Structures are given as C-alpha cells and as structure tokens.
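Okay, so here's the structure we're looking at.
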Amino acid sequence: MSSSDMKIITVIGSGLIGRSWAMVFVSGGYSVKIYDNQPGESAKAVVEIGKQLEELQEAKMLRGQLTATQQLALLSGHDELAEALQGAFFVQECVFEQLEVKQSVFRDIERLVGEDVVLSSSTSCLVPSKVFSTVQNRSRCLVSHPVNPPYYVKLVELVPHPETAAAVVDTAHSLMTKVGQAPVRLAKEIDGFALNRVQAAVIAESWRLVQDGVISVKDIDLVMSEGLGMRYAFIGPMETMHLNAPAGDEPAGPQRAAAPVGPGGEAGPAPHGPGQAEEGPRGSRIKSSE
C-alpha cells in the first residue's frame with residue numbers, strides 16, 4: 001500500500017494554524033499526526049481540538065460527514081518527528097513565520113520521508129524559492145497558504161516553487177478540494193501571493209481616502225462591510241466587470257479598469273508601471289518580484 005493510500009497527513013506545529021489544519025483534514029476523513037518539538041504540546045493540541053470539535057457539533061457547525069468523536073479518533077499527537085512523519089503522503093508545515101526556522105524544519109523533514117511525499121508550507125508571505133532553498137528535491141514542494149481561520153475561511157493559495165512538478169500542485173489541489181477548502185493556483189511565486197496583494201491595494205486606497213479627508217475611518221469600513229464586501233462575497237472583481245461591461249465599441253476590460261479615476265470620473269494615465277505600487281503610507285508596499 002502506498003503512502004497516499006494510507007491517507008495520513010502530518011501537521012508540523014501545534015499552534016492556531018496547525019490545529020486549524022488538523023481540524024480541516026480530519027473533517028475530510030484523513031488521519032492526522034500533529035508534531036511539536038516542545039514535549040507535551042501536541043498532546044495538549046489534541047485535547048483542545050477535541051473540545052472544539054464537540055462545541056462545533058453542538059452548534060451544528062461541524063464540517064464533514066463524521067461525528068466529532070470519529071474525527072478526534074483520526075488525530076494523534078507526537079513529540080518525535082520521525083514517528084509523526086511515518087506513513088504520511090502530505091506534510092503541512094505550520095511553524096513560526098521565520099525563514100531560518102522553516103528552512104531548518106524542511107531540511108530535517110526531507111531526511112525522514114520518501115521522495116513521493118509532498119512538502120507544503122503554510123507561510124503567508126515567504127516565497128517558496130526561499131522557504132525550500134535547503135531542500136534537495138524541490139519538485140515536491142509548494143506553499144499552501146490558508147486564510148485565518150482556515151476552518152471557516154476556505155480559500156487556500158497554492159504557490160509553486162519554480163521547480164515544483166505540476167503533478168504535485170494537482171495533488172495539493174485535489175486534497176484541498178476533498179477536505180472542503182477552496183484552492184486557487186498561482187502560476188508562479190510572487191511577493192505577497194495573490195490575496196495579500198489584493199488586500200494591500202484595498203488598504204492603501206482606503207488609507208489614502210481617509211488621509212485626504214474624503215471619508216472617515218468608520219465610513220470607509222462601511223464601504224467594504226456593507227458594499228464591496230457584500231458583493232465580493234458572491235462574485236469576484238473579474239466577474240463583476242464582466243457583468244457590468246458596456247455594450248458596443250466603448251473601451252472596457254483591464255485597460256479601463258486599471259486606469260485611475262479623474263476629476264470627472266474619466267480615466268486618466270496610469271501613475272505606475274505594471275506590477276508597481278506607490279510606496280510609503282499613501283500606497284501599497286508590495287511590489288512585483290520580477
């Protein structure tokens with residue numbers, strides 16, 4: 001029986017994200033081993049997860065087809081890395097957001113698993129080429145960036161290393177779909193990934209409008225929570241533009257949408273080149289890494 005047939009996933013780190021991933025994976029019927037290098041922490045995480053699963057079941061918010069008791073039975077805590085990795089086909093790292101720590105963790109993991117085991121990081125900002133720089137076989141590595149809290153917010157950004165095999169991304173996408181997440185594929189790595197870059201643009205413009213005295217802090221929050229946020233909870237910006245596209249020969253599409261709004265609502269020249277954003281307090285700090 002191959003490791004993938006055994007349906008074992010190892011979660012490295014028993015903090016908030018690690019526990020959340022464990023809950024997501026057991027909800028899909030996978031056996032999950034939680035590892036923490038601090039003795040006893042993984043066992044505490046299992047107890048805490050058990051309480052959360054029971055609470056979710058009582059509130060009728062438990063994910064998956066299994067009961068809380070059945071899901072908890074799929075979970076185990078481990079203080080020894082080799083023991084935690086045994087039989088796993090997928091490893092989800094959830095340690096501190098420090099590059100050197102993650103590099104060290106993956107260096108240790110690679111020595112203990114087979115060549116077909118997928119190595120995945122939960123990093124929210126470190127690009128795969130840096131996270132996996134100490135790994136010899138980088139074709140099986142990628143970032144699976146969740147949105148906190150993953151149990152309730154289902155988006156997962158799949159970001160490949162430049163050497164990641166397409167089949168590995170397919171495996172991660174299939175896994176995330178099976179456990180009820182909503183995976184999206186990035187064709188290549190970029191600083192901030194997709195979600196953080198879109199978020200940075202929204203925050204930058206919101207701050208600009210407040211700073212320029214156009215709107216209050218309270219009201220710009222309402223613009224999102226009672227306006228754009230409500231709309232985008234159902235359809236994204238591209239589908240919105242498609243539905244609002246003018247008929248006839250009037251210019252539409254990305255050129256019109258990307259142009260800044262002028263004094264009379266007309267489009268003006270773009271102030272920044274592709275992939276660029278104004279730096280400092282009046283703009284996004286994320287720039288393209290290309």
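Residues are named by chain letter and number: chains run A, B, ... in the order of the structure tokens, numbers start at 1 in each chain, and ligands are numbered from 1 in the order shown.
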
Which residues of segment 115-182 of chain A sit at most 12 Å from segment 11-28 of chain A, using only C-alpha atoms? Give each one's shortest atom pair and distance in Å (one decimal place), in chain and ascending residue order, as CSV.
residue,atom,partner,partner_atom,distance
A:Leu119,CA,A:Val11,CA,10.5
A:Ser120,CA,A:Val11,CA,9.7
A:Ser121,CA,A:Ile12,CA,9.4
A:Ser122,CA,A:Ile17,CA,8.1
A:Thr123,CA,A:Ile17,CA,10.2
A:Ser124,CA,A:Ile17,CA,11.1
A:Ser144,CA,A:Trp21,CA,10.7
A:His145,CA,A:Ile17,CA,10.3
A:Pro146,CA,A:Ile17,CA,8.4
A:Val147,CA,A:Ile17,CA,9.3
A:Asn148,CA,A:Ile17,CA,7.4
A:Pro149,CA,A:Ser20,CA,7.0
A:Pro150,CA,A:Ser20,CA,6.1
A:Tyr151,CA,A:Val24,CA,5.9
A:Tyr152,CA,A:Ser20,CA,9.4
A:Val153,CA,A:Ser20,CA,10.8
A:Lys154,CA,A:Val24,CA,9.6
A:Val156,CA,A:Trp21,CA,11.1
A:Ser174,CA,A:Gly28,CA,11.9
A:Leu175,CA,A:Phe25,CA,8.9
A:Met176,CA,A:Phe25,CA,8.6
A:Thr177,CA,A:Gly28,CA,9.6
A:Lys178,CA,A:Gly28,CA,6.6
A:Val179,CA,A:Gly28,CA,4.5
A:Gly180,CA,A:Gly28,CA,7.4
A:Gln181,CA,A:Val24,CA,8.2
A:Ala182,CA,A:Val24,CA,12.0

Selection export as a PDB file, in the first residue's frame, atoms kept: C-alpha atoms:
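Output (again.pdb):
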ATOM      1  CA  LEU A 119       6.119  19.075   1.404  1.00  0.00           C
ATOM      2  CA  SER A 120       3.813  22.052   1.938  1.00  0.00           C
ATOM      3  CA  SER A 121       4.266  25.293   3.889  1.00  0.00           C
ATOM      4  CA  SER A 122       1.578  27.482   5.440  1.00  0.00           C
ATOM      5  CA  THR A 123       3.690  30.633   5.114  1.00  0.00           C
ATOM      6  CA  SER A 124       1.706  33.783   4.410  1.00  0.00           C
ATOM      7  CA  SER A 144      -0.453  26.071   0.675  1.00  0.00           C
ATOM      8  CA  HIS A 145      -1.344  29.418   2.235  1.00  0.00           C
ATOM      9  CA  PRO A 146      -4.582  29.346   4.260  1.00  0.00           C
ATOM     10  CA  VAL A 147      -6.671  32.311   5.320  1.00  0.00           C
ATOM     11  CA  ASN A 148      -7.076  32.556   9.081  1.00  0.00           C
ATOM     12  CA  PRO A 149      -9.156  30.853  10.390  1.00  0.00           C
ATOM     13  CA  PRO A 150      -8.926  28.042   7.791  1.00  0.00           C
ATOM     14  CA  TYR A 151     -11.856  26.119   9.291  1.00  0.00           C
ATOM     15  CA  TYR A 152     -14.257  28.934   8.397  1.00  0.00           C
ATOM     16  CA  VAL A 153     -12.493  30.758   5.544  1.00  0.00           C
ATOM     17  CA  LYS A 154     -11.895  28.152   2.879  1.00  0.00           C
ATOM     18  CA  VAL A 156      -6.078  28.240   0.054  1.00  0.00           C
ATOM     19  CA  SER A 174      -7.228  17.607  -5.083  1.00  0.00           C
ATOM     20  CA  LEU A 175      -6.562  17.247  -1.359  1.00  0.00           C
ATOM     21  CA  MET A 176      -7.770  20.749  -0.530  1.00  0.00           C
ATOM     22  CA  THR A 177     -10.901  20.222  -2.598  1.00  0.00           C
ATOM     23  CA  LYS A 178     -11.647  16.874  -0.934  1.00  0.00           C
ATOM     24  CA  VAL A 179     -11.478  18.398   2.554  1.00  0.00           C
ATOM     25  CA  GLY A 180     -13.817  21.228   1.573  1.00  0.00           C
ATOM     26  CA  GLN A 181     -11.365  24.075   1.041  1.00  0.00           C
ATOM     27  CA  ALA A 182     -11.358  26.386  -1.990  1.00  0.00           C
TER      28      ALA A 182
END

- Could you pull out all residues of segment 17-95 of chain A with a DSSP call of strand (DSSP E) and give them as a ChimeraX atom specification? /A:31-35,75-78,90-93

- Tell me, as a ChimeraX atom specification, which residues lie within 12 Å of Ala59 of chain A, counting only C-alpha atoms; anything in the same chain fewer than 6 positions away does not count. /A:52-53,68

Could you dump the residues just selected with N, CA and C atoms as a PDB file, in the first residue's frame?
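Written output follows (result_22.pdb):
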ATOM      1  N   GLN A  52     -13.016  21.631  20.753  1.00  0.00           N
ATOM      2  CA  GLN A  52     -13.564  22.455  19.678  1.00  0.00           C
ATOM      3  C   GLN A  52     -14.503  21.654  18.788  1.00  0.00           C
ATOM      4  N   LEU A  53     -14.136  20.425  18.483  1.00  0.00           N
ATOM      5  CA  LEU A  53     -14.995  19.589  17.646  1.00  0.00           C
ATOM      6  C   LEU A  53     -16.345  19.338  18.306  1.00  0.00           C
ATOM      7  N   ALA A  68     -17.946  14.226  15.768  1.00  0.00           N
ATOM      8  CA  ALA A  68     -16.794  14.789  16.470  1.00  0.00           C
ATOM      9  C   ALA A  68     -15.921  13.679  17.056  1.00  0.00           C
TER      10      ALA A  68
END

- Message: Could you go through segment 7-144 of chain A and tell me which residues DSSP, when run on the backbone, assigns to helix (DSSP H, G or I), listing them as a PyMOL selection string?
- Response: chain A and resi 16-27+41-58+68-73+81-85+99-110+128-131+138-140

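When atom CA of Asp116 of chain A is paired with atom CA of Arg140 of chain A, their separation reads 7.3 Å.
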
- Could you pull the residues within 6 Å of Ala165 of chain A, counting only C-alpha atoms, minus those fewer than 2 positions along the same chain, as an MDAnalysis selection string? chainID A and resid 139 167:168

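Here atom CA of Gly64 of chain A stands at a distance of 13.7 Å from atom CA of Ser31 of chain A.
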
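Atom CA of Gly87 of chain A sits 12.1 Å away from atom CA of Val118 of chain A.
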
- Task: Considering only C-alpha atoms, return as a list in words whatever protein or nucleic-acid residues lie within 9 Å of Arg185 of chain A, sequence-local ones (same chain, fewer than 4 positions apart) excluded.
- Result: Val156, Glu157, Leu158, Val159, Pro160, Val169 and His173 of chain A

- Message: as a ChimeraX atom specification, please: the residues near Val101 of chain A (cut-off 12 Å, only C-alpha atoms, same-chain neighbours under 2 positions excluded).
- Response: /A:12-13,93-99,103-108,121,123,126,130-132,134

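In this comparison, which uses only C-alpha atoms, the residue of A:Gln136, A:Leu81, A:Trp207, A:Cys141 approaching Leu112 of chain A most closely is A:Leu81.
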